[in-house]
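Content type mmCIF, C-alpha atoms, from the file final_13.cif:
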data_start
#
loop_
_atom_site.group_PDB
_atom_site.id
_atom_site.type_symbol
_atom_site.label_atom_id
_atom_site.label_comp_id
_atom_site.auth_asym_id
_atom_site.auth_seq_id
_atom_site.Cartn_x
_atom_site.Cartn_y
_atom_site.Cartn_z
ATOM 1 C CA MET A 6 -85.627 -1.132 18.809
ATOM 2 C CA VAL A 7 -82.044 -2.404 19.053
ATOM 3 C CA GLU A 8 -80.572 -2.253 22.532
ATOM 4 C CA SER A 9 -77.265 -0.409 22.672
ATOM 5 C CA ARG A 10 -74.480 -1.872 24.754
ATOM 6 C CA THR A 11 -71.127 -0.395 25.670
ATOM 7 C CA ASN A 12 -67.972 -2.454 25.359
ATOM 8 C CA GLN A 13 -64.653 -1.303 26.797
ATOM 9 C CA TYR A 14 -61.398 -1.762 24.869
ATOM 10 C CA LYS A 15 -57.821 -0.841 25.656
ATOM 11 C CA LEU A 16 -56.124 1.050 22.801
ATOM 12 C CA VAL A 17 -52.423 1.856 23.001
ATOM 13 C CA ILE A 18 -50.825 4.624 20.909
ATOM 14 C CA LEU A 19 -47.266 3.870 19.758
ATOM 15 C CA GLY A 20 -44.682 5.599 17.593
ATOM 16 C CA ASN A 21 -41.417 7.464 17.616
ATOM 17 C CA THR A 22 -40.966 10.750 19.407
ATOM 18 C CA ASN A 23 -42.303 13.966 17.785
ATOM 19 C CA VAL A 24 -44.750 12.260 15.415
ATOM 20 C CA GLY A 25 -47.742 13.884 17.129
ATOM 21 C CA LYS A 26 -49.190 10.974 19.117
ATOM 22 C CA THR A 27 -50.402 13.223 21.924
ATOM 23 C CA CYS A 28 -51.871 15.720 19.446
ATOM 24 C CA VAL A 29 -53.751 12.933 17.626
ATOM 25 C CA VAL A 30 -55.139 11.630 20.930
ATOM 26 C CA HIS A 31 -56.073 15.127 22.081
ATOM 27 C CA ARG A 32 -57.843 15.813 18.766
ATOM 28 C CA PHE A 33 -59.731 12.501 19.099
ATOM 29 C CA VAL A 34 -60.736 12.937 22.753
ATOM 30 C CA GLN A 35 -61.390 16.699 22.900
ATOM 31 C CA ASP A 36 -61.568 17.640 19.202
ATOM 32 C CA ARG A 37 -59.014 20.389 19.752
ATOM 33 C CA PHE A 38 -55.474 20.905 18.548
ATOM 34 C CA LEU A 39 -52.682 21.276 21.081
ATOM 35 C CA ASP A 40 -50.511 24.184 19.898
ATOM 36 C CA VAL A 41 -47.811 23.239 22.377
ATOM 37 C CA SER A 42 -47.289 19.741 23.684
ATOM 38 C CA GLU A 43 -44.720 18.623 26.225
ATOM 39 C CA PRO A 44 -43.114 15.222 25.612
ATOM 40 C CA THR A 45 -45.097 12.420 27.226
ATOM 41 C CA ILE A 46 -43.416 10.844 30.236
ATOM 42 C CA ALA A 47 -44.112 7.067 30.237
ATOM 43 C CA ALA A 48 -47.832 7.264 29.280
ATOM 44 C CA ASN A 49 -51.018 9.301 29.591
ATOM 45 C CA PHE A 50 -54.488 7.800 29.918
ATOM 46 C CA HIS A 51 -57.732 9.039 28.314
ATOM 47 C CA THR A 52 -61.202 7.636 27.657
ATOM 48 C CA LYS A 53 -63.614 8.287 24.821
ATOM 49 C CA ALA A 54 -66.754 6.528 23.630
ATOM 50 C CA VAL A 55 -67.719 6.181 19.973
ATOM 51 C CA ASP A 56 -71.039 5.017 18.554
ATOM 52 C CA LEU A 57 -71.017 2.489 15.735
ATOM 53 C CA GLU A 58 -73.641 2.125 13.019
ATOM 54 C CA ASP A 59 -74.608 -1.349 14.273
ATOM 55 C CA GLY A 60 -75.755 0.108 17.604
ATOM 56 C CA ARG A 61 -72.664 -0.798 19.582
ATOM 57 C CA LYS A 62 -70.958 1.788 21.720
ATOM 58 C CA VAL A 63 -67.194 1.358 22.034
ATOM 59 C CA ASN A 64 -65.506 2.913 25.029
ATOM 60 C CA PHE A 65 -61.794 3.337 24.335
ATOM 61 C CA GLU A 66 -59.258 3.385 27.159
ATOM 62 C CA VAL A 67 -56.530 5.249 25.259
ATOM 63 C CA TRP A 68 -52.946 4.864 26.470
ATOM 64 C CA ASP A 69 -50.734 7.543 24.893
ATOM 65 C CA THR A 70 -47.172 6.270 25.291
ATOM 66 C CA ALA A 71 -43.876 8.132 25.273
ATOM 67 C CA GLY A 72 -41.843 7.909 22.074
ATOM 68 C CA GLN A 73 -38.433 8.595 23.581
ATOM 69 C CA GLU A 74 -35.998 5.699 23.400
ATOM 70 C CA ARG A 75 -35.423 5.749 27.169
ATOM 71 C CA TYR A 76 -39.087 4.796 27.761
ATOM 72 C CA LYS A 77 -39.248 2.087 25.084
ATOM 73 C CA SER A 78 -38.643 -0.675 27.622
ATOM 74 C CA LEU A 79 -41.893 0.337 29.377
ATOM 75 C CA THR A 80 -44.158 0.029 26.333
ATOM 76 C CA PRO A 81 -44.747 -3.757 26.574
ATOM 77 C CA MET A 82 -46.413 -3.037 29.900
ATOM 78 C CA TYR A 83 -48.851 -0.700 28.113
ATOM 79 C CA TYR A 84 -49.725 -2.870 25.117
ATOM 80 C CA LYS A 85 -50.169 -5.981 27.272
ATOM 81 C CA GLY A 86 -53.884 -6.726 27.289
ATOM 82 C CA ALA A 87 -54.608 -4.161 24.577
ATOM 83 C CA SER A 88 -57.385 -4.936 22.119
ATOM 84 C CA ALA A 89 -55.973 -2.431 19.640
ATOM 85 C CA ALA A 90 -52.844 -0.436 18.906
ATOM 86 C CA LEU A 91 -52.425 2.648 16.750
ATOM 87 C CA ILE A 92 -48.929 3.213 15.383
ATOM 88 C CA VAL A 93 -48.407 6.863 14.480
ATOM 89 C CA TYR A 94 -45.723 8.163 12.131
ATOM 90 C CA ASP A 95 -45.073 11.625 10.689
ATOM 91 C CA VAL A 96 -45.718 11.834 6.905
ATOM 92 C CA THR A 97 -42.914 14.423 6.670
ATOM 93 C CA SER A 98 -40.350 12.108 8.302
ATOM 94 C CA PRO A 99 -39.153 8.932 6.552
ATOM 95 C CA SER A 100 -37.244 7.933 9.704
ATOM 96 C CA SER A 101 -40.484 7.927 11.716
ATOM 97 C CA PHE A 102 -42.006 5.660 9.039
ATOM 98 C CA GLU A 103 -39.049 3.278 9.485
ATOM 99 C CA GLY A 104 -39.756 3.437 13.213
ATOM 100 C CA ALA A 105 -43.389 2.488 12.524
ATOM 101 C CA LYS A 106 -42.142 -0.671 10.811
ATOM 102 C CA ASP A 107 -40.233 -1.539 13.982
ATOM 103 C CA TRP A 108 -43.382 -0.987 16.067
ATOM 104 C CA ILE A 109 -45.329 -3.318 13.757
ATOM 105 C CA LYS A 110 -42.692 -6.042 14.256
ATOM 106 C CA GLU A 111 -42.724 -5.436 18.006
ATOM 107 C CA LEU A 112 -46.496 -5.889 18.216
ATOM 108 C CA GLN A 113 -46.565 -8.897 15.905
ATOM 109 C CA THR A 114 -43.881 -10.562 18.011
ATOM 110 C CA HIS A 115 -44.990 -9.675 21.536
ATOM 111 C CA ALA A 116 -48.631 -8.527 21.601
ATOM 112 C CA SER A 117 -51.715 -10.713 21.531
ATOM 113 C CA PRO A 118 -52.291 -12.242 18.072
ATOM 114 C CA SER A 119 -55.837 -10.845 18.151
ATOM 115 C CA VAL A 120 -54.760 -7.203 18.607
ATOM 116 C CA ILE A 121 -56.153 -4.861 15.937
ATOM 117 C CA ILE A 122 -53.323 -2.701 14.604
ATOM 118 C CA GLY A 123 -53.785 0.651 12.914
ATOM 119 C CA LEU A 124 -51.183 2.660 11.009
ATOM 120 C CA CYS A 125 -51.685 6.413 11.170
ATOM 121 C CA GLY A 126 -49.736 8.946 9.099
ATOM 122 C CA ASN A 127 -50.029 12.230 10.995
ATOM 123 C CA LYS A 128 -49.385 15.783 9.701
ATOM 124 C CA ALA A 129 -51.177 15.119 6.399
ATOM 125 C CA ASP A 130 -51.690 18.883 6.087
ATOM 126 C CA LEU A 131 -47.936 19.277 5.428
ATOM 127 C CA GLU A 132 -45.786 18.286 2.449
ATOM 128 C CA LYS A 133 -45.372 14.514 2.457
ATOM 129 C CA LYS A 134 -42.057 12.736 2.320
ATOM 130 C CA VAL A 135 -43.708 9.345 2.862
ATOM 131 C CA THR A 136 -46.183 8.701 0.059
ATOM 132 C CA SER A 137 -49.682 7.435 0.681
ATOM 133 C CA GLU A 138 -48.994 4.529 -1.668
ATOM 134 C CA THR A 139 -45.913 3.416 0.292
ATOM 135 C CA ALA A 140 -47.761 3.543 3.613
ATOM 136 C CA LYS A 141 -50.864 1.853 2.172
ATOM 137 C CA ALA A 142 -48.724 -0.974 0.789
ATOM 138 C CA LEU A 143 -47.178 -1.536 4.233
ATOM 139 C CA ALA A 144 -50.620 -1.528 5.853
ATOM 140 C CA GLU A 145 -52.008 -3.998 3.317
ATOM 141 C CA ARG A 146 -48.986 -6.302 3.678
ATOM 142 C CA HIS A 147 -49.647 -6.552 7.435
ATOM 143 C CA SER A 148 -53.478 -6.295 7.351
ATOM 144 C CA LEU A 149 -53.519 -2.999 9.234
ATOM 145 C CA VAL A 150 -56.187 -0.325 9.399
ATOM 146 C CA PHE A 151 -54.657 2.699 7.602
ATOM 147 C CA TYR A 152 -55.422 6.413 7.710
ATOM 148 C CA GLU A 153 -53.571 9.618 7.001
ATOM 149 C CA VAL A 154 -54.678 12.280 9.441
ATOM 150 C CA SER A 155 -53.950 15.809 10.547
ATOM 151 C CA ALA A 156 -54.186 16.476 14.264
ATOM 152 C CA CYS A 157 -53.846 20.165 13.348
ATOM 153 C CA THR A 158 -56.926 20.375 11.097
ATOM 154 C CA GLY A 159 -58.762 17.337 12.489
ATOM 155 C CA GLU A 160 -58.848 15.659 9.066
ATOM 156 C CA ASN A 161 -59.610 11.904 9.368
ATOM 157 C CA VAL A 162 -58.783 11.678 13.096
ATOM 158 C CA GLN A 163 -62.275 10.600 14.197
ATOM 159 C CA GLU A 164 -62.515 8.317 11.140
ATOM 160 C CA CYS A 165 -59.236 6.632 12.090
ATOM 161 C CA PHE A 166 -60.442 5.683 15.564
ATOM 162 C CA LEU A 167 -63.849 4.720 14.184
ATOM 163 C CA GLY A 168 -62.108 2.469 11.631
ATOM 164 C CA ILE A 169 -60.330 0.667 14.458
ATOM 165 C CA ALA A 170 -63.545 0.437 16.502
ATOM 166 C CA LYS A 171 -65.334 -1.283 13.611
ATOM 167 C CA LYS A 172 -62.641 -4.003 13.513
ATOM 168 C CA LEU A 173 -62.936 -4.835 17.215
ATOM 169 C CA PRO A 174 -64.773 -8.023 18.203
ATOM 170 C CA GLN A 175 -68.408 -7.765 19.313
ATOM 171 C CA THR A 176 -67.381 -8.776 22.823
ATOM 172 C CA PRO A 177 -64.105 -7.547 24.321
ATOM 173 C CA PRO A 178 -61.723 -10.128 25.764
ATOM 174 C CA ARG A 179 -62.225 -10.786 29.463
ATOM 175 C CA ARG A 180 -59.578 -9.290 31.645
ATOM 176 C CA SER A 181 -58.287 -10.947 34.744
ATOM 177 C CA GLN A 182 -59.855 -9.273 37.739
ATOM 178 C CA GLY A 183 -57.057 -10.296 40.067
ATOM 179 C CA LEU A 184 -56.977 -13.051 42.655
ATOM 180 C CA ASN A 185 -60.316 -14.742 43.212
ATOM 181 C CA LEU A 186 -60.712 -15.914 46.783
ATOM 182 C CA GLN A 187 -64.308 -17.003 46.415
ATOM 183 C CA ASN A 188 -64.896 -20.584 47.647
ATOM 184 C CA GLN A 189 -61.330 -20.805 48.939
ATOM 185 C CA GLN A 190 -60.834 -22.421 52.305
ATOM 186 C CA VAL A 191 -57.900 -21.531 54.438
ATOM 187 C CA SER A 192 -56.941 -24.192 56.908
ATOM 188 C CA SER A 193 -54.600 -23.834 59.793
ATOM 189 C CA PRO A 194 -52.742 -26.642 61.597
ATOM 190 C CA ASP A 195 -54.215 -25.485 64.862
ATOM 191 C CA SER A 196 -57.287 -23.448 65.541
ATOM 192 C CA SER A 197 -55.655 -21.093 67.977
ATOM 193 C CA CYS A 198 -54.870 -17.613 66.857
ATOM 194 C CA CYS A 199 -51.412 -16.044 66.905
#
Is it possible to give me this structure as structure tokens?
Amino acid sequence: MVESRTNQYKLVILGNTNVGKTCVVHRFVQDRFLDVSEPTIAANFHTKAVDLEDGRKVNFEVWDTAGQERYKSLTPMYYKGASAALIVYDVTSPSSFEGAKDWIKELQTHASPSVIIGLCGNKADLEKKVTSETAKALAERHSLVFYEVSACTGENVQECFLGIAKKLPQTPPRRSQGLNLQNQQVSSPDSSCC
């Protein structure tokens, strides 16, 4: 019998405003569609575990970031230390696809070189203005995991996150646990107090 172990990974969701990032995350975490979604302020945090065929259990810490331009300066704080990033664009919006290209450059320039990047075309249940071939070519050029999904119907959402989970290393990177005071000696010039 193979022993199952759970590894924790930080996954940040990026993309322009109104591409459906929150709806994709909600569909992944709760398997429900949000009919109405308020714009995300800064970021929302969720967790979800997925089981892989090799016996590993991956626990995602999902950071759903705001897409509004005014919050863009905060996003480096969210993708710092991330093991994976999912860039979401709207298949009905060529401008959101152009925005996805900017997010790819941002991650390749400023994120860890080991970060797994996924490209996710949301709203696949609607008429596409960004072809699958165009998006696939971009994903292949940058070695990204690629899926077209529909948060509305649930199509390929679980598969998208599972595809990212399969690319993650067997052991997550160690995170700094803060200041370690173990075996530290504090000396004072005199032994009297105060």
Notebook entry, point to check: On this structure, which residues satisfy the PyMOL selection byres ((chain A and resi 155) around 12), written as a ChimeraX atom specification?
Noted result: /A:24-26,28-33,36-39,93-97,125-133,152-154,156-165
Checklist line | Residue neighbourhood Val67 of chain A, 10 Å, only C-alpha atoms, exclusion window fewer than 2 positions, as a list in words | finding: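 The neighbour list is Tyr14, Lys15, Leu16, Val17, Ile18, Val30, Val34, Ala48, Asn49, Phe50, His51, Thr52, Lys53, Asn64, Phe65, Asp69, Thr70, Ala87, Ala89, Ala90 and Leu91 of chain A.
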Store the residues of this selection in a file with C-alpha atoms, as a short mmCIF file (atom, residue, chain, number, x, y, z; two decimals), keeping the file's coordinate frame.
data_model
loop_
_atom_site.label_atom_id
_atom_site.label_comp_id
_atom_site.auth_asym_id
_atom_site.auth_seq_id
_atom_site.Cartn_x
_atom_site.Cartn_y
_atom_site.Cartn_z
CA TYR A 14 -61.40 -1.76 24.87
CA LYS A 15 -57.82 -0.84 25.66
CA LEU A 16 -56.12 1.05 22.80
CA VAL A 17 -52.42 1.86 23.00
CA ILE A 18 -50.82 4.62 20.91
CA VAL A 30 -55.14 11.63 20.93
CA VAL A 34 -60.74 12.94 22.75
CA ALA A 48 -47.83 7.26 29.28
CA ASN A 49 -51.02 9.30 29.59
CA PHE A 50 -54.49 7.80 29.92
CA HIS A 51 -57.73 9.04 28.31
CA THR A 52 -61.20 7.64 27.66
CA LYS A 53 -63.61 8.29 24.82
CA ASN A 64 -65.51 2.91 25.03
CA PHE A 65 -61.79 3.34 24.34
CA ASP A 69 -50.73 7.54 24.89
CA THR A 70 -47.17 6.27 25.29
CA ALA A 87 -54.61 -4.16 24.58
CA ALA A 89 -55.97 -2.43 19.64
CA ALA A 90 -52.84 -0.44 18.91
CA LEU A 91 -52.42 2.65 16.75
#
Next item on the list: May I ask for the distance between atom CA of Phe151 of chain A and atom CA of Leu19 of chain A, given in Å to one decimal place?
Entry: 14.3 Å
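Among the candidate residues A:Ile109, A:Ile169, A:Ala116, A:Ala144, the one lying nearest to Gly20 of chain A is A:Ile109, with distances computed using all atoms listed in the file.
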Checklist line | For Ala140 of chain A, the nearest of the candidates A:Val63, A:Ile92, A:Ala54, A:Ala170, counting all atoms listed in the file | finding: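 Using all atoms listed in the file, the shortest distance to Ala140 of chain A belongs to A:Ile92.
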Check: Which residues come within 10 Å of Thr176 of chain A, counting only C-alpha atoms, excluding same-chain residues fewer than 3 positions away, as a PyMOL selection string?
Finding: chain A and resi 11-14+173+179
Taking C-alpha atoms for each residue, export the selection above as a PDB file, in the frame of the given file.
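So again.pdb came out as:
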ATOM      1  CA  THR A  11     -71.127  -0.395  25.670  1.00  0.00           C
ATOM      2  CA  ASN A  12     -67.972  -2.454  25.359  1.00  0.00           C
ATOM      3  CA  GLN A  13     -64.653  -1.303  26.797  1.00  0.00           C
ATOM      4  CA  TYR A  14     -61.398  -1.762  24.869  1.00  0.00           C
ATOM      5  CA  LEU A 173     -62.936  -4.835  17.215  1.00  0.00           C
ATOM      6  CA  ARG A 179     -62.225 -10.786  29.463  1.00  0.00           C
TER       7      ARG A 179
END
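Atom CA of Ser101 of chain A is positioned 8.2 Å from atom CA of Thr22 of chain A.
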Checklist line | Residue IDs satisfying the PyMOL selection byres ((chain A and resi 58) around 12), as a VMD selection string | finding: chain A and resid 7 9 55 to 57 59 to 63 167 to 168 170 to 171
Checklist line | Atom pair atom CA of Ala142 of chain A / atom CA of Ile122 of chain A: separation (Å) | finding: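 Separation between atom CA of Ala142 of chain A and atom CA of Ile122 of chain A: 14.7 Å.
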Can you report as lines of an AutoDock Vina configuration file the centre and edge lengths in Å, to one decimal, of an axis-aligned box around the listed atoms of segment 11-16 of chain A padded with 4 Å on each side?
center_x = -63.6
center_y = -0.7
center_z = 24.8
size_x = 23.0
size_y = 11.5
size_z = 12.0
Margin query: What would the selection look like, as a list in words, if the PyMOL selection byres ((chain A and resi 119) around 12) were run on the coordinates I just shared?
Written below: Lys85, Gly86, Ala87, Ser88, Ala89, Ala90, Leu112, Gln113, Thr114, His115, Ala116, Ser117, Pro118, Val120, Ile121, Ile122, Ser148, Lys172, Leu173, Pro174, Pro177 and Pro178 of chain A
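The shortest atom-to-atom distance to Lys141 of chain A, with only C-alpha atoms taken into account, belongs to A:Phe102 out of A:Phe166, A:Trp108, A:Tyr84, A:Phe102.
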Note to self: When you count only C-alpha atoms, which of these residues is closest to Ser100 of chain A: A:Glu145, A:Lys134, A:Asp40, A:Thr139?
What the structure shows: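 Of the candidates, the smallest distance to Ser100 of chain A is held by A:Lys134.
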From the coordinates supplied, segment 23-39 of chain A should be written with N, CA and C atoms, as a PDB file, in the first residue's frame.
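File written: result_21.pdb
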ATOM      1  N   ASN A  23     -12.774  41.457 -14.701  1.00  0.00           N
ATOM      2  CA  ASN A  23     -13.948  40.916 -15.405  1.00  0.00           C
ATOM      3  C   ASN A  23     -13.675  39.702 -16.290  1.00  0.00           C
ATOM      4  N   VAL A  24     -12.595  38.979 -16.048  1.00  0.00           N
ATOM      5  CA  VAL A  24     -12.352  37.763 -16.829  1.00  0.00           C
ATOM      6  C   VAL A  24     -12.954  36.525 -16.157  1.00  0.00           C
ATOM      7  N   GLY A  25     -13.387  36.686 -14.902  1.00  0.00           N
ATOM      8  CA  GLY A  25     -14.023  35.574 -14.195  1.00  0.00           C
ATOM      9  C   GLY A  25     -13.092  34.816 -13.265  1.00  0.00           C
ATOM     10  N   LYS A  26     -12.057  35.466 -12.768  1.00  0.00           N
ATOM     11  CA  LYS A  26     -11.117  34.786 -11.860  1.00  0.00           C
ATOM     12  C   LYS A  26     -11.836  34.239 -10.632  1.00  0.00           C
ATOM     13  N   THR A  27     -12.641  35.076 -10.002  1.00  0.00           N
ATOM     14  CA  THR A  27     -13.345  34.659  -8.791  1.00  0.00           C
ATOM     15  C   THR A  27     -14.319  33.529  -9.091  1.00  0.00           C
ATOM     16  N   CYS A  28     -14.991  33.590 -10.229  1.00  0.00           N
ATOM     17  CA  CYS A  28     -15.927  32.522 -10.608  1.00  0.00           C
ATOM     18  C   CYS A  28     -15.201  31.206 -10.860  1.00  0.00           C
ATOM     19  N   VAL A  29     -14.024  31.268 -11.486  1.00  0.00           N
ATOM     20  CA  VAL A  29     -13.226  30.054 -11.714  1.00  0.00           C
ATOM     21  C   VAL A  29     -12.801  29.452 -10.376  1.00  0.00           C
ATOM     22  N   VAL A  30     -12.325  30.301  -9.469  1.00  0.00           N
ATOM     23  CA  VAL A  30     -11.898  29.815  -8.147  1.00  0.00           C
ATOM     24  C   VAL A  30     -13.089  29.230  -7.394  1.00  0.00           C
ATOM     25  N   HIS A  31     -14.209  29.913  -7.426  1.00  0.00           N
ATOM     26  CA  HIS A  31     -15.398  29.433  -6.719  1.00  0.00           C
ATOM     27  C   HIS A  31     -15.855  28.082  -7.285  1.00  0.00           C
ATOM     28  N   ARG A  32     -15.813  27.945  -8.606  1.00  0.00           N
ATOM     29  CA  ARG A  32     -16.192  26.675  -9.240  1.00  0.00           C
ATOM     30  C   ARG A  32     -15.224  25.573  -8.804  1.00  0.00           C
ATOM     31  N   PHE A  33     -13.923  25.890  -8.739  1.00  0.00           N
ATOM     32  CA  PHE A  33     -12.926  24.906  -8.319  1.00  0.00           C
ATOM     33  C   PHE A  33     -13.122  24.508  -6.854  1.00  0.00           C
ATOM     34  N   VAL A  34     -13.268  25.471  -5.976  1.00  0.00           N
ATOM     35  CA  VAL A  34     -13.322  25.200  -4.537  1.00  0.00           C
ATOM     36  C   VAL A  34     -14.664  24.620  -4.110  1.00  0.00           C
ATOM     37  N   GLN A  35     -15.774  25.175  -4.613  1.00  0.00           N
ATOM     38  CA  GLN A  35     -17.096  24.752  -4.147  1.00  0.00           C
ATOM     39  C   GLN A  35     -17.937  24.058  -5.212  1.00  0.00           C
ATOM     40  N   ASP A  36     -17.406  23.968  -6.429  1.00  0.00           N
ATOM     41  CA  ASP A  36     -18.110  23.373  -7.561  1.00  0.00           C
ATOM     42  C   ASP A  36     -19.498  23.973  -7.768  1.00  0.00           C
ATOM     43  N   ARG A  37     -19.541  25.300  -7.626  1.00  0.00           N
ATOM     44  CA  ARG A  37     -20.778  26.048  -7.879  1.00  0.00           C
ATOM     45  C   ARG A  37     -20.438  27.293  -8.676  1.00  0.00           C
ATOM     46  N   PHE A  38     -21.418  27.770  -9.432  1.00  0.00           N
ATOM     47  CA  PHE A  38     -21.222  28.992 -10.199  1.00  0.00           C
ATOM     48  C   PHE A  38     -21.784  30.174  -9.422  1.00  0.00           C
ATOM     49  N   LEU A  39     -21.008  31.249  -9.362  1.00  0.00           N
ATOM     50  CA  LEU A  39     -21.471  32.483  -8.749  1.00  0.00           C
ATOM     51  C   LEU A  39     -22.234  33.279  -9.799  1.00  0.00           C
TER      52      LEU A  39
END
